[in-house]
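First up is the structure itself, then whatever we jot down about it.
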2 protein chains.
Amino acid sequence: MASDNPTGAVNQQERPGIEQWVVGFVDGEGCFSVSVVRNDGCLLGWQVQHEFSVTQAAPSRAALDLVREVFGCGSIIEQRRKDGRHHSLLRFSVKRRADLVTAVLPFFERNPLKTVKQLDFERFRSVLRLMQEGVHLTEAGLRRIAQETARMNRKAPSRYLESSEAIRQPPRPDTEVKRWSEPHGDMWSNSSEIPCRVK
Amino acid sequence: MASDNPTGAVNQQERPGIEQWVVGFVDGEGCFSVSVVRNDGCLLGWQVQHEFSVTQAAPSRAALDLVREVFGCGSIIEQRRKDGRHHSLLRFSVKRRADLVTAVLPFFERNPLKTVKQLDFERFRSVLRLMQEGVHLTEAGLRRIAQETARMNRKAPSRYLESSEAIRQPPRPDTEVKRWSEPHGDMWSNSSEIPCRVK
C-alpha cells in the first residue's frame, strides 16, 4: 500500500534524528536487491523484481516497526531460519515500485548512506529509473538493466543473462556483459506484484 | 588513549543527527563483548576483558572513521578474513576501560539502542560498573561478573566457569551459575591491556 506520508517528515519532527538512525541501521543491516526471474505473464517472459529490506531477529521487531513507520510503506515478513537458531527472522520489505520510487529513493537522496552500501543504492535507483521509463519492456533494455545490476554486490549468476533470450542478443560494443545475481531466488515465490506489462 | 572529547558533543553540533546515525549503525553492526581469559599476571589468574566493536568490510572504512571520531577513542584494526572474500575486515575497537566508561557508556545512556542489543549494552555496563568497584578482584566477584555476562547473547562456554578455580566456589543460593561465553577467544592475544591488579 502506498504511504500517506512518504517523506517521513512528521516522524523527523516528532523524533529528531530518527532519519539518521534509519540511515545507520540500513548502513548496517539494509539490502537493496534486484533480480530477474522467469514469469510467463510478462512481455519478455522475464520479470524484474526489486526490494529494499532490513532483516532482524524477532526480538528486535520494534526496530523494524520504527523503520516501517519512517518510510510509511512496506511490510514485515517472518522468515523461517535455516540455521537452527531459536528466534525467527523478520524482514522489513518494500517491493512495490511506487513505494520505492516515492518513499525509499527520496529518503536516501535526502539522507545518503555512509558505507559502501551507498553504491548499491545508486545502482538500485538507476534500475528503478530505467524501469520508470519502461526500458525493461524491451530485450535491449532488460539486458541494460541486467548489466547495471551486475555491478551490485551479489553472488549468484543470473538465470536471465544465461538464458537463450539473452544469449541470442549480442552485447552492444560499448558495454560488457557481466553475470547478474539473484540472491533471494526463493523469496519472490509468493509475490503478488507483477511490475511488467502482460503479454 | 583517552579522548579529549569523550562526549562527542562537537560532532553532534557540527553534524546534526550524527549520534543517531551511530546508534543505528551500532544497532546493526555493533558488538558489546566481555570475556574471562587466563592471565597469570592477574591476581586470580584470570582477566576480564571487555570490548565495544563495530566491524565492516574495508571499503566502508570511512564509516568506521566516523564512528571513531564520534567516540573520540578506540582504534581501527584490520582482521584477516577466513571466508576467502576479497576485502579484508576492519574492526573499530574500544577495549580500554577508561574509554569505555568515559565515552562509550555515556554515549549510549544519552542515545539508547533501539534493538534487543540494548540488553547487551546494559549487561556490558553492569560488568564495567562492577569492575569500577573492584569486584573482579575477588573470586566471588569474578563469579558474579561471569554470571552477569552469561546472560549476554553469546555462544561458547566459559573457560573460567569450567575451571577448577570457579568450580571449587559453590554458587550463592540466590544465583544461578550459567555458562559464559568467549566469542572472540583469539582476538585478545595481542592485547596490551591488563585491566587487573598484578600479583
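In the C-alpha cells, the first chain shown is A, the next is B, and so on; residue numbers restart at 1 for each chain, and ligands run from 1 in the order shown.
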
Taking only C-alpha atoms into account, produce a table as a tab-separated table in which each residue of chain B with an atom at most 8 Å from an atom of chain A appears once, together with its shortest atom pair and the distance in Å to one decimal, ordered by chain and rising number.
residue	atom	partner	partner_atom	distance
B:Pro16	CA	A:Gly17	CA	7.5
B:Gly17	CA	A:Gly17	CA	4.7
B:Ile18	CA	A:Gln20	CA	6.9
B:Gln20	CA	A:Trp21	CA	4.6
B:Trp21	CA	A:Gly24	CA	4.4
B:Val22	CA	A:Gly24	CA	6.1
B:Val23	CA	A:Trp21	CA	6.2
B:Gly24	CA	A:Phe25	CA	4.0
B:Phe25	CA	A:Gly24	CA	4.0
B:Val26	CA	A:Phe25	CA	7.5
B:Asp27	CA	A:Phe25	CA	6.3
B:Gly28	CA	A:Gly28	CA	4.5
B:Glu29	CA	A:Gly28	CA	5.4
B:Pro59	CA	A:Val116	CA	6.1
B:Ser60	CA	A:Thr115	CA	4.8
B:Arg61	CA	A:Thr115	CA	7.8
B:Ala62	CA	A:Thr115	CA	7.1
B:Ala63	CA	A:Thr115	CA	5.6
B:Lys114	CA	A:Ala63	CA	5.7
B:Thr115	CA	A:Ser60	CA	4.8
B:Val116	CA	A:Ser60	CA	5.2

Using all heavy atoms, can you write the selected residues to a file as a compact mmCIF listing (two decimals), in the first residue's frame?
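Saved to selection-v5.txt:
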# COMPACT_ATOMS: atom_id res chain seq x y z
N PRO B 16 24.35 17.55 12.74
CA PRO B 16 23.14 17.14 13.46
C PRO B 16 22.74 15.72 13.05
O PRO B 16 22.78 15.37 11.88
CB PRO B 16 22.10 18.16 13.00
CG PRO B 16 22.87 19.32 12.51
CD PRO B 16 24.17 18.78 11.98
N GLY B 17 22.37 14.94 14.02
CA GLY B 17 21.91 13.58 13.72
C GLY B 17 23.02 12.55 13.71
O GLY B 17 22.73 11.36 13.63
N ILE B 18 24.28 12.99 13.82
CA ILE B 18 25.37 12.02 13.68
C ILE B 18 25.33 10.98 14.80
O ILE B 18 25.64 9.81 14.58
CB ILE B 18 26.75 12.73 13.61
CG1 ILE B 18 27.85 11.74 13.22
CG2 ILE B 18 27.09 13.44 14.91
CD1 ILE B 18 27.69 11.16 11.85
N GLN B 20 22.68 9.83 16.24
CA GLN B 20 21.63 8.85 15.92
C GLN B 20 22.07 7.93 14.79
O GLN B 20 21.69 6.75 14.76
CB GLN B 20 20.32 9.56 15.56
CG GLN B 20 19.57 10.04 16.79
CD GLN B 20 19.25 8.89 17.76
OE1 GLN B 20 18.65 7.89 17.38
NE2 GLN B 20 19.67 9.02 19.00
N TRP B 21 22.86 8.44 13.86
CA TRP B 21 23.40 7.55 12.82
C TRP B 21 24.28 6.47 13.48
O TRP B 21 24.18 5.28 13.13
CB TRP B 21 24.23 8.32 11.77
CG TRP B 21 24.87 7.38 10.80
CD1 TRP B 21 24.28 6.77 9.72
CD2 TRP B 21 26.21 6.87 10.85
NE1 TRP B 21 25.17 5.92 9.10
CE2 TRP B 21 26.36 5.97 9.78
CE3 TRP B 21 27.29 7.07 11.70
CZ2 TRP B 21 27.54 5.28 9.52
CZ3 TRP B 21 28.47 6.40 11.46
CH2 TRP B 21 28.60 5.51 10.39
N VAL B 22 25.10 6.88 14.43
CA VAL B 22 25.95 5.91 15.13
C VAL B 22 25.10 4.87 15.86
O VAL B 22 25.38 3.67 15.81
CB VAL B 22 26.93 6.62 16.09
CG1 VAL B 22 27.62 5.61 17.00
CG2 VAL B 22 27.96 7.43 15.32
N VAL B 23 24.03 5.33 16.50
CA VAL B 23 23.15 4.39 17.21
C VAL B 23 22.59 3.35 16.22
O VAL B 23 22.62 2.14 16.49
CB VAL B 23 21.99 5.13 17.92
CG1 VAL B 23 21.00 4.15 18.52
CG2 VAL B 23 22.55 6.03 19.01
N GLY B 24 22.09 3.84 15.10
CA GLY B 24 21.54 2.91 14.11
C GLY B 24 22.59 1.94 13.58
O GLY B 24 22.34 0.74 13.43
N PHE B 25 23.79 2.46 13.34
CA PHE B 25 24.87 1.61 12.81
C PHE B 25 25.26 0.55 13.84
O PHE B 25 25.47 -0.61 13.50
CB PHE B 25 26.05 2.52 12.47
CG PHE B 25 27.06 1.92 11.53
CD1 PHE B 25 26.67 1.13 10.45
CD2 PHE B 25 28.42 2.18 11.69
CE1 PHE B 25 27.61 0.60 9.57
CE2 PHE B 25 29.37 1.65 10.83
CZ PHE B 25 28.96 0.86 9.77
N VAL B 26 25.32 0.96 15.09
CA VAL B 26 25.67 0.01 16.16
C VAL B 26 24.52 -0.97 16.37
O VAL B 26 24.74 -2.16 16.60
CB VAL B 26 26.04 0.76 17.45
CG1 VAL B 26 26.18 -0.21 18.63
CG2 VAL B 26 27.34 1.54 17.24
N ASP B 27 23.26 -0.49 16.26
CA ASP B 27 22.13 -1.43 16.32
C ASP B 27 22.30 -2.52 15.27
O ASP B 27 21.96 -3.67 15.50
CB ASP B 27 20.80 -0.68 16.08
CG ASP B 27 20.10 -0.29 17.38
OD1 ASP B 27 20.13 -1.08 18.34
OD2 ASP B 27 19.52 0.81 17.42
N GLY B 28 22.84 -2.14 14.12
CA GLY B 28 23.04 -3.12 13.07
C GLY B 28 24.31 -3.94 13.22
O GLY B 28 24.29 -5.15 13.07
N GLU B 29 25.42 -3.30 13.50
CA GLU B 29 26.72 -3.96 13.36
C GLU B 29 27.57 -3.95 14.62
O GLU B 29 28.68 -4.46 14.60
CB GLU B 29 27.53 -3.25 12.25
CG GLU B 29 26.91 -3.31 10.87
CD GLU B 29 27.09 -4.67 10.20
OE1 GLU B 29 27.46 -5.64 10.90
OE2 GLU B 29 26.84 -4.75 8.99
N PRO B 59 36.08 -1.53 2.32
CA PRO B 59 35.62 -0.37 1.55
C PRO B 59 34.77 0.62 2.36
O PRO B 59 34.57 1.74 1.91
CB PRO B 59 34.79 -1.02 0.42
CG PRO B 59 35.36 -2.38 0.27
CD PRO B 59 35.71 -2.81 1.67
N SER B 60 34.26 0.20 3.51
CA SER B 60 33.48 1.12 4.34
C SER B 60 34.31 1.71 5.47
O SER B 60 33.76 2.11 6.50
CB SER B 60 32.24 0.39 4.90
OG SER B 60 31.35 0.08 3.86
N ARG B 61 35.58 1.82 5.26
CA ARG B 61 36.48 2.38 6.28
C ARG B 61 36.01 3.77 6.75
O ARG B 61 36.11 4.10 7.94
CB ARG B 61 37.90 2.49 5.70
CG ARG B 61 38.80 3.41 6.51
CD ARG B 61 40.04 2.75 6.95
NE ARG B 61 40.57 3.40 8.13
CZ ARG B 61 41.53 2.91 8.87
NH1 ARG B 61 42.05 1.76 8.58
NH2 ARG B 61 41.97 3.53 9.93
N ALA B 62 35.53 4.59 5.81
CA ALA B 62 35.13 5.95 6.19
C ALA B 62 34.05 5.94 7.27
O ALA B 62 34.03 6.82 8.14
CB ALA B 62 34.63 6.70 4.95
N ALA B 63 33.17 4.95 7.22
CA ALA B 63 32.11 4.88 8.23
C ALA B 63 32.71 4.56 9.60
O ALA B 63 32.28 5.12 10.62
CB ALA B 63 31.07 3.81 7.83
N LYS B 114 17.97 0.80 19.83
CA LYS B 114 16.55 0.53 19.59
C LYS B 114 16.27 -0.95 19.31
O LYS B 114 15.12 -1.35 19.16
CB LYS B 114 16.05 1.39 18.43
CG LYS B 114 16.19 2.90 18.69
CD LYS B 114 15.60 3.71 17.56
CE LYS B 114 16.04 5.16 17.57
NZ LYS B 114 15.77 5.87 18.82
N THR B 115 17.31 -1.74 19.19
CA THR B 115 17.12 -3.18 19.01
C THR B 115 17.36 -3.88 20.34
O THR B 115 17.70 -3.26 21.36
CB THR B 115 18.10 -3.76 17.97
OG1 THR B 115 19.43 -3.61 18.50
CG2 THR B 115 18.00 -3.05 16.64
N VAL B 116 17.26 -5.21 20.30
CA VAL B 116 17.47 -6.01 21.50
C VAL B 116 18.94 -5.92 21.97
O VAL B 116 19.26 -6.33 23.09
CB VAL B 116 17.05 -7.49 21.20
CG1 VAL B 116 18.08 -8.17 20.34
CG2 VAL B 116 16.75 -8.23 22.48

Counting only C-alpha atoms, the option among B:Gly41, B:Glu109, B:Val48, B:Leu89 closest to Arg144 (chain B):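 Residue with the minimum atom-to-atom distance to Arg144 (chain B): B:Val48.
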
Separation of CA of Ser53 (chain B) from CA of Leu90 (chain B) in Å: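 About the pair CA of Leu90 (chain B) and CA of Ser53 (chain B): they are 10.0 Å apart.
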
Enumerate as a list in words all residues of region 72-130 of chain B assigned to strand (DSSP E or B) by DSSP on the backbone, naming them with the chain letters and numbers the document uses.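 So, restricting region 72-130 of chain B to strand (DSSP E or B), we get Ser75, Ile76, Ile77, Glu78, Gln79, Leu89, Leu90, Arg91, Phe92, Ser93 and Val94 of chain B.
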
Distance of CA of His50 (chain B) from CA of Phe32 (chain B), expressed in Å to one decimal place: 7.7 Å

Fewer than 5 positions away in the same chain doesn't count, so skip those; otherwise give me all residues within 9 Å of Leu130 (chain B), counting only C-alpha atoms, as a list of chain:residue names.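 So, after excluding close chain neighbours, the residues are B:Arg125, B:Val135, B:His136, B:Gly141, B:Ile145.
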
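Of note, CA of Asp120 (chain A) and CA of Val34 (chain A) are spaced 10.1 Å apart.
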
May I have the residues within 7 Å of Ser75 (chain A) as JSON, numbers by chain, using only C-alpha atoms and disregarding those fewer than 6 positions away in the same chain? {"A": [92, 93, 94]}

Those same residues, written as a PDB file, in the first residue's frame with N, CA, C and O atoms?
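Done, and the output landed in result-v6.pdb:
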ATOM      1  N   PHE A  92      11.788  -6.470   7.148  1.00  0.00           N
ATOM      2  CA  PHE A  92      11.036  -5.315   6.657  1.00  0.00           C
ATOM      3  C   PHE A  92      11.296  -5.254   5.167  1.00  0.00           C
ATOM      4  O   PHE A  92      12.462  -5.249   4.726  1.00  0.00           O
ATOM      5  N   SER A  93      10.233  -5.216   4.376  1.00  0.00           N
ATOM      6  CA  SER A  93      10.395  -5.362   2.934  1.00  0.00           C
ATOM      7  C   SER A  93       9.538  -4.362   2.175  1.00  0.00           C
ATOM      8  O   SER A  93       8.339  -4.213   2.460  1.00  0.00           O
ATOM      9  N   VAL A  94      10.162  -3.663   1.244  1.00  0.00           N
ATOM     10  CA  VAL A  94       9.411  -2.818   0.307  1.00  0.00           C
ATOM     11  C   VAL A  94       9.735  -3.322  -1.093  1.00  0.00           C
ATOM     12  O   VAL A  94      10.885  -3.272  -1.532  1.00  0.00           O
TER      13      VAL A  94
END

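Counting only C-alpha atoms, Gln47 (chain A) has the following residues at most 7 Å away, ignoring those fewer than 6 positions along the same chain: Val36, Val37, Arg38, Asn39 and Cys196 of chain A.
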
Hey, can you spit out that residue selection with N, CA, C and O atoms as an mmCIF file, in the first residue's frame?
data_model
loop_
_atom_site.group_PDB
_atom_site.id
_atom_site.type_symbol
_atom_site.label_atom_id
_atom_site.label_comp_id
_atom_site.auth_asym_id
_atom_site.auth_seq_id
_atom_site.Cartn_x
_atom_site.Cartn_y
_atom_site.Cartn_z
ATOM 1 N N VAL A 36 16.099 -10.805 -11.792
ATOM 2 C CA VAL A 36 15.265 -11.075 -12.967
ATOM 3 C C VAL A 36 14.837 -12.527 -12.871
ATOM 4 O O VAL A 36 15.685 -13.415 -12.779
ATOM 5 N N VAL A 37 13.550 -12.743 -12.836
ATOM 6 C CA VAL A 37 13.048 -14.114 -12.688
ATOM 7 C C VAL A 37 12.095 -14.426 -13.832
ATOM 8 O O VAL A 37 11.476 -13.530 -14.418
ATOM 9 N N ARG A 38 11.988 -15.694 -14.132
ATOM 10 C CA ARG A 38 11.053 -16.159 -15.151
ATOM 11 C C ARG A 38 9.630 -15.801 -14.750
ATOM 12 O O ARG A 38 9.223 -16.028 -13.619
ATOM 13 N N ASN A 39 8.895 -15.251 -15.667
ATOM 14 C CA ASN A 39 7.474 -15.016 -15.426
ATOM 15 C C ASN A 39 6.785 -14.984 -16.784
ATOM 16 O O ASN A 39 6.908 -14.012 -17.539
ATOM 17 N N CYS A 196 5.217 -5.655 -14.608
ATOM 18 C CA CYS A 196 5.572 -5.676 -16.026
ATOM 19 C C CYS A 196 4.280 -5.793 -16.845
ATOM 20 O O CYS A 196 3.243 -6.166 -16.314
#

Can you check which residues of region 27-134 of chain B DSSP gives as helix (DSSP H, G or I) on the backbone and send them as a ChimeraX atom specification? /B:27-29,58-71,97-110,117-132

Hey, can you spit out that residue selection with C-alpha atoms as an mmCIF file, in the first residue's frame?
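The file below, part_34.cif, is the result:
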data_model
loop_
_atom_site.group_PDB
_atom_site.id
_atom_site.type_symbol
_atom_site.label_atom_id
_atom_site.label_comp_id
_atom_site.auth_asym_id
_atom_site.auth_seq_id
_atom_site.Cartn_x
_atom_site.Cartn_y
_atom_site.Cartn_z
ATOM 1 C CA ASP B 27 22.129 -1.428 16.324
ATOM 2 C CA GLY B 28 23.040 -3.124 13.065
ATOM 3 C CA GLU B 29 26.719 -3.956 13.358
ATOM 4 C CA ALA B 58 37.447 -2.475 4.177
ATOM 5 C CA PRO B 59 35.618 -0.372 1.548
ATOM 6 C CA SER B 60 33.475 1.119 4.339
ATOM 7 C CA ARG B 61 36.480 2.383 6.279
ATOM 8 C CA ALA B 62 35.128 5.954 6.185
ATOM 9 C CA ALA B 63 32.108 4.878 8.229
ATOM 10 C CA LEU B 64 34.350 3.384 10.917
ATOM 11 C CA ASP B 65 36.494 6.535 10.918
ATOM 12 C CA LEU B 66 33.319 8.493 11.576
ATOM 13 C CA VAL B 67 32.364 6.212 14.472
ATOM 14 C CA ARG B 68 35.835 6.633 15.931
ATOM 15 C CA GLU B 69 35.575 10.405 15.580
ATOM 16 C CA VAL B 70 32.230 10.481 17.384
ATOM 17 C CA PHE B 71 33.510 8.431 20.322
ATOM 18 C CA ARG B 97 38.157 0.544 30.410
ATOM 19 C CA ALA B 98 38.683 4.275 30.898
ATOM 20 C CA ASP B 99 37.487 4.930 27.346
ATOM 21 C CA LEU B 100 34.517 2.608 27.732
ATOM 22 C CA VAL B 101 33.483 4.259 30.991
ATOM 23 C CA THR B 102 34.018 7.871 29.970
ATOM 24 C CA ALA B 103 32.970 7.776 26.313
ATOM 25 C CA VAL B 104 31.030 4.658 25.296
ATOM 26 C CA LEU B 105 28.714 4.194 28.286
ATOM 27 C CA PRO B 106 27.625 7.859 28.464
ATOM 28 C CA PHE B 107 27.032 7.897 24.711
ATOM 29 C CA PHE B 108 24.562 5.001 24.844
ATOM 30 C CA GLU B 109 22.977 6.347 28.027
ATOM 31 C CA ARG B 110 22.216 9.549 26.115
ATOM 32 C CA LYS B 117 21.183 -5.113 21.546
ATOM 33 C CA GLN B 118 20.225 -2.572 24.219
ATOM 34 C CA LEU B 119 20.046 -5.502 26.669
ATOM 35 C CA ASP B 120 23.616 -6.486 25.803
ATOM 36 C CA PHE B 121 24.677 -2.899 26.390
ATOM 37 C CA GLU B 122 23.010 -2.852 29.810
ATOM 38 C CA ARG B 123 24.798 -6.068 30.858
ATOM 39 C CA PHE B 124 28.058 -4.730 29.476
ATOM 40 C CA ARG B 125 27.584 -1.558 31.516
ATOM 41 C CA SER B 126 26.736 -3.598 34.596
ATOM 42 C CA VAL B 127 30.004 -5.564 34.276
ATOM 43 C CA LEU B 128 32.029 -2.381 33.829
ATOM 44 C CA ARG B 129 30.408 -0.820 36.893
ATOM 45 C CA LEU B 130 31.246 -3.892 38.952
ATOM 46 C CA MET B 131 34.826 -3.651 37.732
ATOM 47 C CA GLN B 132 34.968 0.027 38.634
#
